[in-house]
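Dropping query_19.cif in here (mmCIF, C-alpha atoms):
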```
data_target
loop_
_atom_site.label_atom_id
_atom_site.label_comp_id
_atom_site.auth_asym_id
_atom_site.auth_seq_id
_atom_site.Cartn_x
_atom_site.Cartn_y
_atom_site.Cartn_z
CA MET N 949 25.75 37.99 -5.61
CA ALA N 950 21.92 37.95 -5.90
CA TYR N 951 22.03 38.36 -9.70
CA GLN N 952 24.82 35.83 -9.95
CA ASN N 953 22.69 33.36 -7.99
CA ALA N 954 19.72 34.04 -10.29
CA ILE N 955 21.76 33.40 -13.44
CA LEU N 956 23.28 30.26 -11.95
CA LEU N 957 19.85 28.99 -10.85
CA ILE N 958 18.33 29.46 -14.31
CA LEU N 959 21.32 27.82 -16.02
CA GLU N 960 21.27 24.94 -13.58
CA ALA N 961 17.50 24.50 -13.95
CA SER N 962 17.72 24.55 -17.75
CA LEU N 963 20.58 22.05 -17.82
CA TYR N 964 18.86 19.72 -15.34
CA PHE N 965 15.52 19.85 -17.16
CA ALA N 966 17.17 19.26 -20.55
CA SER N 967 19.17 16.32 -19.14
CA MET N 968 16.03 14.72 -17.70
CA LEU N 969 14.19 15.23 -21.00
CA ALA N 970 17.03 13.40 -22.75
CA ILE N 971 16.74 10.55 -20.25
CA LEU N 972 12.97 10.47 -20.77
CA LEU N 973 13.53 10.20 -24.51
CA VAL N 974 16.07 7.39 -24.08
CA SER N 975 13.65 5.62 -21.77
CA LYS N 976 11.40 5.07 -24.77
CA ARG N 977 13.99 2.56 -25.91
CA PHE N 978 15.33 1.14 -22.65
CA GLY N 979 12.27 1.34 -20.43
CA ILE N 980 10.58 4.03 -18.37
CA GLY N 981 11.93 2.47 -15.17
CA ILE N 982 15.29 4.23 -15.69
CA PHE N 983 13.65 7.64 -15.74
CA ILE N 984 11.40 6.89 -12.76
CA THR N 985 14.36 5.64 -10.70
CA ILE N 986 16.37 8.79 -11.36
CA LEU N 987 13.37 10.90 -10.47
CA GLY N 988 13.05 9.05 -7.18
CA VAL N 989 16.74 9.33 -6.31
CA MET N 990 16.58 13.12 -6.62
CA HIS N 991 13.72 13.31 -4.11
CA PHE N 992 16.00 13.00 -1.08
CA LEU N 993 18.29 15.78 -2.28
CA GLU N 994 15.24 17.92 -2.98
CA THR N 995 13.98 17.50 0.58
CA TYR N 996 17.40 18.15 2.11
CA LEU N 997 17.85 21.38 0.14
CA ALA N 998 14.32 22.51 1.00
CA SER N 999 15.04 22.14 4.70
CA VAL N 1000 18.51 23.75 4.98
CA PHE N 1001 19.75 25.34 1.72
CA TYR N 1002 18.44 28.77 0.62
CA ILE N 1003 19.95 31.39 -1.65
CA GLY N 1004 19.42 35.10 -2.07
CA LEU N 1005 17.96 36.31 -5.39
CA PRO N 1006 17.20 39.81 -6.75
CA PHE N 1007 14.43 41.90 -5.15
CA GLY N 1008 14.94 40.27 -1.76
CA ILE N 1009 13.73 36.83 -2.88
CA ILE N 1010 14.97 33.88 -0.85
CA ALA N 1011 14.54 30.47 -2.54
CA THR N 1012 15.91 26.96 -2.50
CA PRO N 1013 16.92 24.96 -5.58
CA GLY N 1014 15.24 22.00 -3.90
CA SER N 1015 11.72 23.35 -4.35
CA ALA N 1016 12.32 25.72 -7.24
CA VAL N 1017 14.19 23.36 -9.54
CA LEU N 1018 13.83 19.77 -8.39
CA PHE N 1019 10.25 19.75 -7.14
CA SER N 1020 8.80 21.98 -9.87
CA SER N 1021 10.46 19.93 -12.59
CA LYS N 1022 9.47 16.62 -11.00
CA LEU N 1023 5.81 17.57 -11.06
CA ILE N 1024 6.05 18.50 -14.74
CA PHE N 1025 7.98 15.32 -15.50
CA ILE N 1026 5.22 13.19 -13.99
CA LEU N 1027 2.81 15.09 -16.24
CA LEU N 1028 5.08 14.38 -19.22
CA VAL N 1029 5.12 10.68 -18.40
CA TYR N 1030 1.33 10.78 -18.53
CA ILE N 1031 1.33 12.68 -21.84
CA THR N 1032 3.95 10.49 -23.54
CA GLU N 1033 2.83 7.19 -22.01
CA ASP N 1034 -0.51 6.81 -20.20
CA ALA N 1035 -2.15 7.03 -16.78
CA ASP N 1036 -1.11 3.46 -15.95
CA THR N 1037 2.57 4.42 -16.33
CA ALA N 1038 2.23 7.84 -14.68
CA ARG N 1039 0.83 6.36 -11.49
CA GLN N 1040 4.00 4.30 -11.01
CA PRO N 1041 6.22 7.22 -9.89
CA ILE N 1042 3.29 8.70 -7.95
CA TYR N 1043 2.84 5.61 -5.81
CA GLY N 1044 6.51 4.65 -5.89
CA LEU N 1045 7.57 7.99 -4.39
CA PHE N 1046 4.78 7.90 -1.85
CA VAL N 1047 5.41 4.38 -0.56
CA GLY N 1048 9.21 4.71 -0.80
CA ASN N 1049 9.28 7.83 1.31
CA VAL N 1050 6.92 6.39 3.89
CA ILE N 1051 9.43 3.55 4.32
CA VAL N 1052 12.31 6.07 4.56
CA ILE N 1053 10.46 8.01 7.26
CA LEU N 1054 9.70 4.89 9.29
CA PHE N 1055 13.32 3.76 9.06
CA ALA N 1056 14.56 7.22 10.06
CA ILE N 1057 12.28 7.16 13.11
CA SER N 1058 13.68 3.77 14.13
CA LEU N 1059 17.24 5.17 14.19
CA GLY N 1060 16.41 7.04 17.38
CA TRP N 1061 16.00 3.72 19.18
CA TYR N 1062 19.67 2.80 18.69
CA GLY N 1063 22.48 3.53 21.11
CA THR N 1064 25.12 5.10 18.84
CA ALA N 1065 28.89 4.68 18.95
CA GLU N 1066 30.89 7.81 18.06
CA LEU N 1067 33.80 7.34 15.69
CA SER N 1068 35.20 10.70 16.78
CA PRO N 1069 33.92 13.79 18.66
CA GLU N 1070 33.63 15.64 15.35
CA ARG N 1071 31.54 12.89 13.69
CA SER N 1072 28.52 12.50 15.98
CA PRO N 1073 25.20 11.99 14.13
CA ASP N 1074 22.72 14.83 13.91
CA LEU N 1075 19.44 12.97 14.38
CA ASN N 1076 17.54 16.21 14.92
CA LEU N 1077 18.19 17.18 11.31
CA LEU N 1078 17.18 13.70 10.19
CA ASP N 1079 13.95 13.89 12.20
CA GLU N 1080 13.20 17.33 10.81
CA MET N 1081 13.85 16.13 7.27
CA GLY N 1082 11.76 13.04 7.87
CA TRP N 1083 8.67 14.99 8.88
CA LEU N 1084 9.22 17.47 6.07
CA MET N 1085 9.70 14.65 3.59
CA GLY N 1086 6.51 13.00 4.83
CA TRP N 1087 4.48 16.18 4.43
CA GLY N 1088 6.04 16.93 1.05
CA THR N 1089 5.41 13.38 -0.16
CA LEU N 1090 1.74 13.59 0.80
CA LEU N 1091 1.43 16.88 -1.05
CA LEU N 1092 3.25 15.44 -4.05
CA PHE N 1093 0.80 12.54 -4.18
CA PHE N 1094 -2.17 14.90 -4.51
CA ASP N 1095 -0.23 17.36 -6.70
CA SER N 1096 0.64 14.66 -9.23
CA ILE N 1097 -2.95 13.50 -9.62
CA LEU N 1098 -4.35 17.03 -9.72
CA ILE N 1099 -1.89 18.33 -12.34
CA ILE N 1100 -2.83 15.49 -14.71
CA LEU N 1101 -6.55 16.01 -14.19
CA LEU N 1102 -6.20 19.77 -14.64
CA TYR N 1103 -4.12 19.30 -17.80
CA GLU N 1104 -6.90 17.16 -19.28
CA ARG N 1105 -9.59 19.61 -18.14
CA LEU N 1106 -7.77 22.49 -19.80
CA ARG N 1107 -8.19 20.81 -23.17
CA GLY N 1108 -11.70 22.21 -23.29
CA TRP N 1109 -10.43 25.77 -22.74
CA LEU N 1110 -7.00 25.79 -24.40
CA GLY N 1111 -7.48 23.11 -27.04
CA ASP N 1112 -4.28 21.48 -28.31
CA ASN N 1113 -1.94 24.19 -27.03
CA ARG N 1114 0.09 21.83 -24.86
CA THR N 1115 2.61 24.43 -23.73
CA ALA N 1116 -0.16 26.66 -22.38
CA ARG N 1117 -1.90 23.73 -20.72
CA ILE N 1118 1.35 22.59 -19.08
CA PHE N 1119 2.06 26.10 -17.82
CA VAL N 1120 -1.43 26.79 -16.44
CA SER N 1121 -1.74 23.39 -14.79
CA SER N 1122 1.79 23.46 -13.32
CA ALA N 1123 1.48 27.08 -12.12
CA THR N 1124 -1.86 26.32 -10.47
CA ILE N 1125 -0.74 23.14 -8.72
CA LEU N 1126 2.63 24.61 -7.72
CA THR N 1127 0.76 27.50 -6.09
CA PHE N 1128 -1.37 25.04 -4.15
CA ASP N 1129 1.74 23.10 -3.18
CA GLN N 1130 3.69 26.18 -2.09
CA PHE N 1131 1.06 27.19 0.42
CA GLY N 1132 0.76 23.62 1.66
CA PHE N 1133 4.50 23.02 1.93
CA PHE N 1134 5.11 26.36 3.65
CA ALA N 1135 2.57 25.42 6.31
CA GLY N 1136 4.65 22.36 7.16
CA LEU N 1137 7.97 24.20 6.85
CA HIS N 1138 6.77 27.02 9.10
CA THR N 1139 5.54 24.54 11.70
CA LEU N 1140 8.82 22.64 11.77
CA THR N 1141 11.38 25.41 11.26
CA ASP N 1142 9.48 28.63 12.03
CA ALA N 1143 10.25 29.86 8.50
CA PRO N 1144 9.23 33.52 7.90
CA THR N 1145 6.41 34.51 5.56
CA GLN N 1146 9.00 35.86 3.14
CA VAL N 1147 9.89 32.26 2.32
CA LEU N 1148 6.28 31.63 1.23
CA TRP N 1149 6.18 34.44 -1.34
CA SER N 1150 9.79 34.05 -2.41
CA GLY N 1151 9.30 30.33 -2.99
CA TRP N 1152 6.11 30.98 -4.93
CA ILE N 1153 7.82 33.48 -7.24
CA ALA N 1154 10.68 31.03 -7.79
CA LYS N 1155 8.25 28.21 -8.66
CA MET N 1156 6.30 30.42 -11.06
CA THR N 1157 9.57 31.33 -12.75
CA MET N 1158 10.42 27.66 -13.13
CA ALA N 1159 6.94 26.92 -14.50
CA ALA N 1160 7.44 29.65 -17.10
CA LEU N 1161 10.89 28.24 -17.95
CA PHE N 1162 10.03 24.54 -18.02
CA SER N 1163 6.67 24.69 -19.82
CA PRO N 1164 7.98 25.83 -23.23
CA MET N 1165 10.85 23.35 -22.91
CA ALA N 1166 8.34 20.57 -22.25
CA GLY N 1167 6.08 21.74 -25.09
CA GLY N 1168 9.03 21.88 -27.49
CA TYR N 1169 10.14 18.41 -26.41
CA LEU N 1170 6.69 16.98 -27.13
CA SER N 1171 6.39 18.65 -30.54
CA TRP N 1172 9.91 18.56 -31.98
CA ILE N 1173 11.85 15.83 -30.22
CA ALA N 1174 9.40 13.20 -28.97
CA ARG N 1175 7.10 14.14 -31.89
CA GLN N 1176 4.05 13.40 -29.81
CA PRO N 1177 0.86 13.81 -31.90
CA LEU N 1178 -1.26 16.78 -30.97
CA ARG N 1179 -4.54 14.95 -30.97
CA ARG N 1180 -4.94 11.93 -28.76
CA PRO N 1181 -8.13 10.06 -27.84
CA ARG N 1182 -9.91 12.15 -25.26
CA ARG N 1183 -10.53 10.40 -21.96
CA ARG N 1184 -13.16 11.25 -19.40
CA LEU N 1185 -11.71 12.82 -16.27
CA TRP N 1186 -13.34 10.15 -14.14
CA ASP N 1187 -11.62 7.41 -16.17
CA VAL N 1188 -8.23 9.12 -15.75
CA PHE N 1189 -8.85 9.58 -12.04
CA SER N 1190 -9.90 5.95 -11.65
CA THR N 1191 -6.71 4.76 -13.33
CA LEU N 1192 -4.41 7.10 -11.36
CA THR N 1193 -5.94 6.01 -8.05
CA TYR N 1194 -6.19 2.31 -8.94
CA ARG N 1195 -9.96 2.61 -8.56
CA GLU N 1196 -10.46 0.50 -11.68
CA ARG N 1197 -8.47 -2.27 -10.01
CA TYR N 1198 -10.72 -1.99 -6.98
CA GLU N 1199 -13.82 -2.13 -9.16
CA ASP N 1200 -12.40 -5.12 -11.06
CA LEU N 1201 -11.72 -6.80 -7.73
CA LEU N 1202 -15.31 -6.23 -6.65
CA GLN N 1203 -16.47 -7.72 -9.93
CA THR N 1204 -14.30 -10.83 -9.54
CA ILE N 1205 -14.86 -11.49 -5.82
CA GLY N 1206 -17.03 -14.58 -5.55
CA ARG N 1207 -16.71 -15.31 -9.27
CA ASP N 1208 -15.75 -18.61 -10.82
CA ARG N 1209 -12.76 -17.84 -13.05
CA LEU N 1210 -13.64 -20.46 -15.64
CA THR N 1211 -17.30 -19.70 -16.33
CA GLY N 1212 -17.79 -16.18 -14.96
CA ALA N 1213 -20.70 -17.36 -12.82
CA PHE N 1214 -20.69 -16.76 -9.07
CA ASP N 1215 -18.85 -19.52 -7.22
CA ARG N 1216 -19.97 -21.87 -4.46
CA SER N 1217 -18.47 -19.72 -1.70
CA TYR N 1218 -20.62 -16.79 -2.86
CA LEU N 1219 -23.70 -19.01 -2.82
CA GLU N 1220 -22.89 -20.10 0.73
CA ALA N 1221 -22.26 -16.49 1.78
CA LYS N 1222 -25.18 -14.76 0.03
CA GLY N 1223 -27.65 -17.45 -1.06
CA ALA N 1224 -29.51 -17.76 2.23
CA SER N 1225 -30.02 -14.00 2.51
CA ILE N 1226 -31.24 -13.79 -1.11
CA VAL N 1227 -33.92 -16.37 -0.35
CA GLU N 1228 -34.74 -14.78 3.00
CA GLN N 1229 -35.18 -11.30 1.50
CA ALA N 1230 -37.54 -12.63 -1.15
CA VAL N 1231 -39.63 -14.57 1.35
CA ASP N 1232 -39.78 -11.68 3.85
CA SER N 1233 -40.99 -9.31 1.11
CA GLY N 1234 -43.68 -11.75 0.01
CA ARG N 1235 -42.08 -12.50 -3.37
CA PRO N 1236 -41.75 -16.05 -4.66
CA ILE N 1237 -38.28 -17.38 -5.40
CA SER N 1238 -37.24 -20.45 -7.33
CA LEU N 1239 -34.05 -22.51 -7.40
CA LEU N 1240 -32.92 -24.45 -10.45
CA LEU N 1241 -30.21 -27.09 -10.04
CA ILE N 1242 -28.62 -27.79 -13.43
CA ASP N 1243 -26.25 -30.66 -14.12
CA LEU N 1244 -24.41 -31.47 -17.36
CA ASP N 1245 -25.12 -35.00 -18.59
CA HIS N 1246 -22.21 -37.41 -19.11
CA PHE N 1247 -19.65 -34.71 -18.38
CA LYS N 1248 -17.02 -37.25 -17.28
CA GLU N 1249 -17.27 -38.96 -20.66
CA ILE N 1250 -16.63 -35.62 -22.37
CA ASN N 1251 -13.48 -35.11 -20.29
CA ASP N 1252 -12.31 -38.69 -20.98
CA ARG N 1253 -12.94 -38.48 -24.70
CA PHE N 1254 -11.92 -34.92 -25.55
CA GLY N 1255 -9.67 -33.93 -22.64
CA HIS N 1256 -10.05 -31.54 -19.72
CA ARG N 1257 -9.48 -28.41 -21.84
CA ALA N 1258 -12.45 -29.39 -23.97
CA GLY N 1259 -14.35 -30.04 -20.76
CA ASP N 1260 -13.59 -26.50 -19.61
CA THR N 1261 -14.89 -25.22 -22.94
CA VAL N 1262 -18.12 -27.15 -22.48
CA LEU N 1263 -18.59 -25.67 -19.00
CA ARG N 1264 -18.07 -22.15 -20.32
CA PHE N 1265 -20.48 -22.84 -23.19
CA ALA N 1266 -23.17 -24.13 -20.85
CA ALA N 1267 -22.76 -21.15 -18.47
CA GLN N 1268 -23.05 -18.73 -21.40
CA GLN N 1269 -26.19 -20.44 -22.70
CA ILE N 1270 -27.80 -20.31 -19.27
CA ALA N 1271 -26.82 -16.66 -18.77
CA THR N 1272 -28.43 -15.60 -22.07
CA LEU N 1273 -31.80 -16.82 -20.79
CA THR N 1274 -31.66 -15.27 -17.33
CA ARG N 1275 -32.59 -11.80 -16.08
CA ASP N 1276 -30.33 -9.21 -14.50
CA ILE N 1277 -31.87 -9.95 -11.11
CA ASP N 1278 -31.13 -13.69 -11.32
CA TYR N 1279 -28.07 -15.25 -9.70
CA LEU N 1280 -26.14 -17.99 -11.51
CA PHE N 1281 -23.65 -19.99 -9.42
CA ARG N 1282 -21.25 -22.72 -10.38
CA TYR N 1283 -21.86 -25.08 -7.48
CA GLY N 1284 -19.01 -27.42 -8.30
CA GLY N 1285 -17.79 -29.64 -11.13
CA ASP N 1286 -20.52 -29.63 -13.75
CA GLU N 1287 -23.38 -28.38 -11.54
CA PHE N 1288 -24.94 -24.90 -11.62
CA VAL N 1289 -27.44 -23.30 -9.28
CA LEU N 1290 -29.80 -20.60 -10.54
CA LEU N 1291 -31.70 -18.44 -8.02
CA CYS N 1292 -34.60 -16.51 -9.55
CA SER N 1293 -36.43 -14.05 -7.33
CA GLY N 1294 -40.05 -13.33 -8.31
CA LEU N 1295 -40.40 -16.60 -10.27
CA GLN N 1296 -43.41 -18.81 -9.53
CA PRO N 1297 -43.23 -22.65 -9.87
CA GLY N 1298 -44.73 -22.51 -13.36
CA GLY N 1299 -42.26 -19.85 -14.44
CA ALA N 1300 -39.37 -21.84 -12.99
CA ARG N 1301 -40.43 -24.90 -14.95
CA ALA N 1302 -40.77 -22.88 -18.17
CA LEU N 1303 -37.32 -21.30 -17.69
CA ALA N 1304 -35.75 -24.67 -16.94
CA GLU N 1305 -37.27 -26.14 -20.08
CA ARG N 1306 -35.98 -23.25 -22.20
CA ILE N 1307 -32.47 -23.75 -20.78
CA ARG N 1308 -32.64 -27.53 -21.39
CA GLN N 1309 -33.88 -27.05 -24.94
CA GLU N 1310 -31.41 -24.25 -25.80
CA ILE N 1311 -28.43 -26.31 -24.67
CA SER N 1312 -29.56 -29.61 -26.19
CA GLU N 1313 -30.20 -28.03 -29.59
CA SER N 1314 -26.85 -26.25 -29.77
CA ILE N 1315 -23.56 -27.70 -30.98
CA VAL N 1316 -20.43 -26.94 -28.98
CA PRO N 1317 -17.98 -25.84 -31.72
CA GLU N 1318 -14.87 -27.14 -29.96
CA ILE N 1319 -16.14 -30.75 -29.75
CA GLY N 1320 -18.51 -30.65 -32.72
CA GLN N 1321 -21.48 -32.20 -30.97
CA GLN N 1322 -24.47 -31.46 -28.79
CA ILE N 1323 -24.57 -31.74 -25.02
CA SER N 1324 -27.51 -31.95 -22.65
CA VAL N 1325 -28.45 -31.03 -19.10
CA SER N 1326 -30.80 -32.36 -16.46
CA ILE N 1327 -32.59 -29.88 -14.20
CA GLY N 1328 -34.44 -30.09 -10.91
CA THR N 1329 -36.52 -27.12 -9.72
CA ALA N 1330 -37.91 -25.98 -6.39
CA SER N 1331 -39.94 -22.93 -5.40
CA SER N 1332 -40.61 -21.19 -2.11
CA GLY N 1333 -43.83 -21.92 -0.33
CA ALA N 1334 -44.60 -25.51 -1.29
CA ASN N 1335 -40.95 -26.58 -1.23
CA GLY N 1336 -39.71 -24.59 1.76
CA ASP N 1337 -38.65 -21.07 2.57
CA THR N 1338 -34.92 -21.51 3.10
CA LEU N 1339 -31.99 -22.06 0.76
CA ASP N 1340 -31.26 -25.47 2.26
CA ALA N 1341 -34.85 -26.64 1.83
CA LEU N 1342 -35.04 -25.45 -1.79
CA PHE N 1343 -31.67 -26.97 -2.61
CA GLU N 1344 -32.53 -30.34 -1.10
CA THR N 1345 -35.80 -30.52 -3.04
CA ALA N 1346 -34.17 -29.45 -6.32
CA ASP N 1347 -31.35 -31.94 -5.75
CA ASN N 1348 -33.78 -34.84 -5.29
CA ARG N 1349 -35.68 -33.81 -8.43
CA LEU N 1350 -32.45 -33.50 -10.40
CA TYR N 1351 -31.52 -37.07 -9.63
CA ALA N 1352 -35.04 -38.18 -10.50
CA ALA N 1353 -34.57 -36.52 -13.89
CA LYS N 1354 -31.25 -38.31 -14.35
CA ARG N 1355 -32.68 -41.68 -13.35
CA ALA N 1356 -35.44 -41.17 -15.90
CA GLY N 1357 -32.87 -40.92 -18.71
CA ARG N 1358 -31.28 -37.44 -18.49
CA ASN N 1359 -31.94 -34.38 -20.68
CA ARG N 1360 -35.04 -33.75 -18.61
CA VAL N 1361 -36.62 -31.20 -16.28
CA PHE N 1362 -38.45 -32.33 -13.15
CA ASP N 1363 -40.44 -29.94 -10.94
CA GLY N 1364 -42.08 -32.60 -8.76
CA ALA N 1365 -45.25 -32.79 -10.84
CA THR N 1366 -44.26 -33.35 -14.46
CA LEU N 1367 -41.13 -34.86 -15.97
CA SER N 1368 -40.38 -33.08 -19.25
CA PHE N 1369 -38.48 -34.85 -21.98
CA GLU N 1370 -37.68 -34.20 -25.59
CA GLY N 1371 -35.23 -36.29 -27.55
CA ALA N 1372 -32.77 -37.35 -24.85
CA VAL N 1373 -29.36 -36.48 -26.19
CA GLY N 1374 -26.67 -38.94 -25.13
CA SER N 1375 -28.94 -40.67 -22.63
#
```

Please render this file's structure as structure tokens.
Amino acid sequence: MAYQNAILLILEASLYFASMLAILLVSKRFGIGIFITILGVMHFLETYLASVFYIGLPFGIIATPGSAVLFSSKLIFILLVYITEDADTARQPIYGLFVGNVIVILFAISLGWYGTAELSPERSPDLNLLDEMGWLMGWGTLLLFFDSILIILLYERLRGWLGDNRTARIFVSSATILTFDQFGFFAGLHTLTDAPTQVLWSGWIAKMTMAALFSPMAGGYLSWIARQPLRRPRRRLWDVFSTLTYRERYEDLLQTIGRDRLTGAFDRSYLEAKGASIVEQAVDSGRPISLLLIDLDHFKEINDRFGHRAGDTVLRFAAQQIATLTRDIDYLFRYGGDEFVLLCSGLQPGGARALAERIRQEISESIVPEIGQQISVSIGTASSGANGDTLDALFETADNRLYAAKRAGRNRVFDGATLSFEGAVGS
């Protein structure tokens, strides 16, 4: 019977793996979601078999098709999704299985709160088995989450040692991660079911056998059926890891928090949240800090004449022109409408005036391609010390000077001492 079980297990594993490879191939045409859904559906059966169904194999090995066939193949299939698609696609089953099984576990726990009604004495529910499976599924899902990320990273790392031999890389990475998983899963299984140590080594041998069986099948699929090119652009491990763990989304979020979507400058809420502390830190450290309040001249007329889309283009153009003249340590905010605030730490009043004049001149001498004409800005400046040592004080002073520049004819810079003016455009 042991040899019969071994033959049946290998045949079943080969047929299942080949069937899933065919579905993966078809998914190229109909969408990867079909393959991922099937993979997820099999997860429950895998957990059930791992908790209650074991078979005897030659040399006293006791194994379960749940871990040997379904889990081992699933890990390799996630790797294949990465190889044939990309890290963005591969992370979908990783997170889908993790979140889905957390929901299953929580729902299973809630079943114990019900008062059940028996349909017949022979059909009473076995919630103990469900609880046991739930905890085992939770532990297995957590392991799978780390296994899936690690096998992809190891596969990429092995490129430096094994080159383009994909079959060897699949085998080494799957055998390594399956070994890690077997020890981890057995720890949970032993805790929940008091499984003997024989299950640990038997399961490991069964998984290594499956790795040896599935790896050449996967390599052949990539080379002869999917015709996946051997050489693909090499990605840094950190980039792959960042994609698999959604870290790049987190970093993008950090980059966009407090940003104005239209111009890319920081928005007013970020100025209100951080502006006061920026000024305070500069003043406390003895560094000067200057505030420039920049307003586009006749912006309403631009919107009325060319439309709001053209107005948006003008705002982006102005923000880009300002940004090209600022330093990395400067903060550019879109305060609202057509007004921008520029905070420049370490800039004395004379430097603030010179920067404001460069910004005014750069914008007034440039033509906005989308509207085919020049625009202009008026700027009021204020610097710490003479004009105050808080954000509110600097802003109030710069605001008054801005309106003085506008009353004088626009396209001007006013720092409280001198009103600069060169060829007022559209004044």

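Residues matched by the PyMOL selection byres ((chain N and resi 961) around 9) in this structure: Leu956, Leu957, Ile958, Leu959, Glu960, Ser962, Leu963, Tyr964, Phe965, Ala966, Pro1013, Ala1016, Val1017, Leu1018, Ser1021, Met1158, Leu1161 and Phe1162 of chain N.
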
Handout entry: Close residues, region 1292-1299 of chain N itself excluded, 6 Å, all atoms listed in the file, min 2 positions apart in chain, as a list in words
Key = Arg1235, Pro1236, Ile1237, Ser1238, Asp1278, Arg1301, Ala1302 and Ser1331 of chain N

Expected file: the selected residues, C-alpha atoms, as an mmCIF file, keeping the file's coordinate frame:
```
data_model
loop_
_atom_site.group_PDB
_atom_site.id
_atom_site.type_symbol
_atom_site.label_atom_id
_atom_site.label_comp_id
_atom_site.auth_asym_id
_atom_site.auth_seq_id
_atom_site.Cartn_x
_atom_site.Cartn_y
_atom_site.Cartn_z
ATOM 1 C CA ARG N 1235 -42.080 -12.500 -3.370
ATOM 2 C CA PRO N 1236 -41.750 -16.050 -4.660
ATOM 3 C CA ILE N 1237 -38.280 -17.380 -5.400
ATOM 4 C CA SER N 1238 -37.240 -20.450 -7.330
ATOM 5 C CA ASP N 1278 -31.130 -13.690 -11.320
ATOM 6 C CA ARG N 1301 -40.430 -24.900 -14.950
ATOM 7 C CA ALA N 1302 -40.770 -22.880 -18.170
ATOM 8 C CA SER N 1331 -39.940 -22.930 -5.400
#
```

Practice task
Mind giving me the straight-line distance from CA of Glu1310 (chain N) to CA of Thr1338 (chain N) in Å, one decimal?
Solution key: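 For CA of Glu1310 (chain N) relative to CA of Thr1338 (chain N), the distance reads 29.2 Å.
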
Practice task
Any chance you could resolve the PyMOL selection byres ((chain N and resi 980-987) around 10) against this file and give the residues as a PyMOL selection string?
Solution key: chain N and resi 968-979+988-992+1018-1019+1021-1022+1025-1026+1029+1033+1037-1038+1040-1042+1044-1045

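Our summary of the geometry notes that CA of Ile1173 (chain N) is positioned 18.3 Å from CA of Asp1034 (chain N).
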
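Residue nearest Ile1009 (chain N), chosen from N:Thr1345, N:Ser1190, N:Thr1366, N:Ser1150 and counting only C-alpha atoms: N:Ser1150.
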
Practice task
Could you list the residues chosen by the PyMOL selection byres ((chain N and resi 1097) around 10) in this structure as a PyMOL selection string?
Solution key: chain N and resi 1023+1026-1027+1035+1038-1039+1042+1092-1096+1098-1102+1125+1188-1189+1192-1193

Exercise for the section: Using all atoms listed in the file, pick whichever of N:Asn1049, N:Gly1088, N:Ala1154, N:Leu1106 has the shortest atom-to-atom distance to Ala954 (chain N). Expected result: N:Ala1154

Handout entry: Pick from N:Leu1084, N:Ala1166, N:Val1050, N:Leu1239, whichever lies nearest to Asn1113 (chain N) using all atoms listed in the file
Key =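 Using all atoms listed in the file, the shortest distance to Asn1113 (chain N) belongs to N:Ala1166.
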
Only N, CA and C atoms needed: put region 1290-1300 of chain N from the block into a file as an mmCIF file, in the first residue's frame.
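Dumped everything to result-v1.cif:
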```
data_model
loop_
_atom_site.group_PDB
_atom_site.id
_atom_site.type_symbol
_atom_site.label_atom_id
_atom_site.label_comp_id
_atom_site.auth_asym_id
_atom_site.auth_seq_id
_atom_site.Cartn_x
_atom_site.Cartn_y
_atom_site.Cartn_z
ATOM 1 N N LEU N 1290 6.795 81.094 -0.413
ATOM 2 C CA LEU N 1290 8.118 80.480 -0.464
ATOM 3 C C LEU N 1290 8.849 80.797 0.836
ATOM 4 N N LEU N 1291 9.208 79.750 1.598
ATOM 5 C CA LEU N 1291 9.962 79.900 2.839
ATOM 6 C C LEU N 1291 11.406 79.505 2.580
ATOM 7 N N CYS N 1292 12.330 80.429 2.854
ATOM 8 C CA CYS N 1292 13.745 80.201 2.549
ATOM 9 C C CYS N 1292 14.580 80.390 3.807
ATOM 10 N N SER N 1293 14.979 79.284 4.419
ATOM 11 C CA SER N 1293 15.809 79.348 5.606
ATOM 12 C C SER N 1293 17.232 79.744 5.221
ATOM 13 N N GLY N 1294 17.852 80.604 6.056
ATOM 14 C CA GLY N 1294 19.222 81.042 5.798
ATOM 15 C C GLY N 1294 19.323 82.199 4.837
ATOM 16 N N LEU N 1295 18.194 82.786 4.426
ATOM 17 C CA LEU N 1295 18.202 83.865 3.439
ATOM 18 C C LEU N 1295 17.986 85.208 4.133
ATOM 19 N N GLN N 1296 18.954 86.106 3.980
ATOM 20 C CA GLN N 1296 18.879 87.450 4.537
ATOM 21 C C GLN N 1296 17.922 88.312 3.706
ATOM 22 N N PRO N 1297 17.514 89.498 4.215
ATOM 23 C CA PRO N 1297 16.599 90.365 3.450
ATOM 24 C C PRO N 1297 17.108 90.681 2.044
ATOM 25 N N GLY N 1298 18.404 90.970 1.929
ATOM 26 C CA GLY N 1298 18.941 91.260 0.600
ATOM 27 C C GLY N 1298 18.862 90.064 -0.331
ATOM 28 N N GLY N 1299 19.141 88.884 0.214
ATOM 29 C CA GLY N 1299 19.044 87.667 -0.600
ATOM 30 C C GLY N 1299 17.615 87.369 -0.994
ATOM 31 N N ALA N 1300 16.674 87.650 -0.085
ATOM 32 C CA ALA N 1300 15.264 87.417 -0.394
ATOM 33 C C ALA N 1300 14.814 88.333 -1.522
#
```
